[in-house]
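Right, one structure below, let's go through it.
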Amino acid sequence: MYLCKSLVSSQNKKGMLNIIIFGAPGSGKGTQSLKLIEKYGLKHISTGDLLRSEIKAGTDLGRLAESYMSQGKLVPDEIVIGMIENLIKEHPDARGFIFDGFPRTLAQGKALYEVLEQNGQDLSVVLSLEVEDKELVERLLKRGEISGRSDDNRETIEARLQVYYDQTAPLKDYYQGKRKLEKIKGQGSIEDIFASIERVVDGLIE
Ligand code: AMP
């Protein structure tokens, strides 16, 4: 937790570190987010986790979200964008955010830029975890056995990967164009992957 405000000010108006952890389902975004939070003291925003809590709480939003999630489809942009807007506004004192599983469409990516800007902030970096399809499917099937996540079954996994390539992966070009994209090899040990992430993030705050 050695984030120094003045040192990151060149990255961001408020000296915040706003990181998108990007990648296909099963690429390790959640796992690496936890390590990032621990080291840099950032606020974790996972749209998947937020939507699963709405489902668990039995809210209208949860019921609506479930109808998409159970088929491996994306929940409509306006719903997830609204959730993110509220969270950013609710945490003005955060050292920064880790966006995990958001944005997943170009519209979400553009909305995030706008929301950050409206709140006097900027995007620091997009860490893209690169993992081969075969390994993604193996990891997700294994997670389905352990965690019992209902969308971790073979049929839904295939749909989610298709959605990723059709709707989410094009965001990489968008962020490349903004010079924010950093590709990280997402295969190997959790520690080795995190070491690559640390090199990038430390480079931003040094
Ligand atoms: P995740 O936990 O990130 O794998 O997300 C699980 C599911 O929640 C996805 O397959 C989508 O149905 C939904 N979801 C999560 N984040 C988003 C998002 N940013 N946009 C649309 N749908 C989302």
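Identifiers in the structure tokens: chain A, B, ... in order shown; residue index from 1 per chain; ligand index from 1 in order shown.
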### Query
Quick one: residues within 9 Å of ligand 1, with only C-alpha atoms and all ligand atoms, as a PyMOL selection string?
chain A and resi 24-26+29-30+46-52+65-77+79-81+100-105+108+151+156-157+159-160+163-164
### Task
Would you mind writing down, as number ranges by chain, each residue of stretch 11-159 of chain A that DSSP on the backbone assigns to strand (DSSP E)?
A: 19-23, 43-46, 97-100, 125-130
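By chain and then residue number, the residues within 9 Å of A:Ile197 are Gln32, Leu36, Leu127, Ile184, Asp192 and Asp202 of chain A, counting only C-alpha atoms and disregarding those fewer than 5 positions away in sequence.
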### Message
Could you pull out the helix (DSSP H, G or I) residues of chain A, going by DSSP on the backbone, and write them as a ChimeraX atom specification?
### Response
/A:5-8,29-40,47-57,60-69,77-90,106-118,133-147,154-168,171-177,190-205
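Between A:Arg154 and the residues A:Leu204, A:Val137, A:Ile88, A:Ile55, the shortest atom-to-atom distance, using only C-alpha atoms, involves A:Val137.
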